[in-house]
Amino acid sequence: MKANMKSKNPWKLALITPLLFSIPLIAQTPPEKQSTRPIPFHGTVSAVDQKNKTFTISGKDATRAFKVSEKTAITKGAGTAKFSDIVENQEVSGAYWKNPDGTLEAKMVKLGPMAKPSPSPKP
């Protein structure tokens with residue numbers, strides 16, 4: 001004769017165990033960081049805010065405002081430039097980072113038209 005033993009449902013244990021181990025993982029998720037690779041941009045400046053050090057590019061699909069910081073490299077031709085050199089209706093290109101708060105921080109800004117690649121010599 002078998003002894004009367006309490007039988008535990010193994011499915012309950014199988015369902016609860018993963019939940020117990022996932023709670024600490026959720027708590028340890030790090031905050032979103034600045035994108036690691038800069039994103040390229042190109043367009044014409046539609047507005048400049050000297051006070052907040054931002055400039056805006058209006059495109060076909062979207063309007064983007066870029067924040068310029070002390071880390072932003074600004075160039076014009078072969079030389080360096082300042083934020084005050086950025087003016088409306090000027091062609092600009094460069095790269096930016098998207099910050100966790102959604103702002104776009106310019107990493108580098110090149111003032112003037114994009115350099116056209118020189119034709120390669122024919123063999």
# chains A, B, ... in the order shown; residues from 1 in each chain; ligands from 1
$ residues_around --residues "range 59-69 of chain A" --least-positions-apart "3" --cutoff "7 Å" --atoms "only C-alpha atoms" --output "list in words"
Lys53, Thr54, Phe55, Thr56, Thr72, Leu104, Glu105 and Ala106 of chain A
$ atom_distance --atom1 "CA of Val48 in chain A" --atom2 "CA of Gln90 in chain A"
10.6 Å
$ residues_around --residues "Leu111 in chain A" --least-positions-apart "6" --cutoff "10 Å" --atoms "only C-alpha atoms" --output "list in words"
Thr44, Val45, Ile74, Thr75, Lys76, Gly77, Thr80, Ala81, Asp85, Ile86, Val87, Gln90, Glu91, Val92, Ser93 and Gly94 of chain A
$ write_last_selection --atoms "C-alpha atoms" --output "JSON list (two decimals), in the first residue's frame"
[["chain", "number", "residue", "atom", "x", "y", "z"],
["A", 44, "THR", "CA", 20.13, 74.18, -45.06],
["A", 45, "VAL", "CA", 19.88, 76.15, -41.81],
["A", 74, "ILE", "CA", 32.73, 73.59, -36.13],
["A", 75, "THR", "CA", 34.70, 74.00, -39.36],
["A", 76, "LYS", "CA", 34.44, 76.23, -42.42],
["A", 77, "GLY", "CA", 36.57, 75.19, -45.37],
["A", 80, "THR", "CA", 37.86, 76.28, -37.64],
["A", 81, "ALA", "CA", 34.74, 78.36, -37.09],
["A", 85, "ASP", "CA", 29.43, 81.75, -38.07],
["A", 86, "ILE", "CA", 26.30, 79.60, -38.48],
["A", 87, "VAL", "CA", 23.69, 81.70, -40.30],
["A", 90, "GLN", "CA", 23.59, 78.29, -45.14],
["A", 91, "GLU", "CA", 24.31, 74.73, -46.23],
["A", 92, "VAL", "CA", 25.66, 72.60, -43.39],
["A", 93, "SER", "CA", 26.56, 68.97, -42.82],
["A", 94, "GLY", "CA", 28.00, 67.00, -39.96]]
$ residues_around --residues "Lys107 in chain A" --least-positions-apart "3" --cutoff "7 Å" --atoms "only C-alpha atoms" --output "JSON, numbers by chain"
{"A": [71, 72, 73, 95, 96, 97]}
$ closest_residue --among "A:Met114, A:Lys98, A:Phe41, A:Val109" --to "Lys82 in chain A" --atoms "only C-alpha atoms"
A:Val109
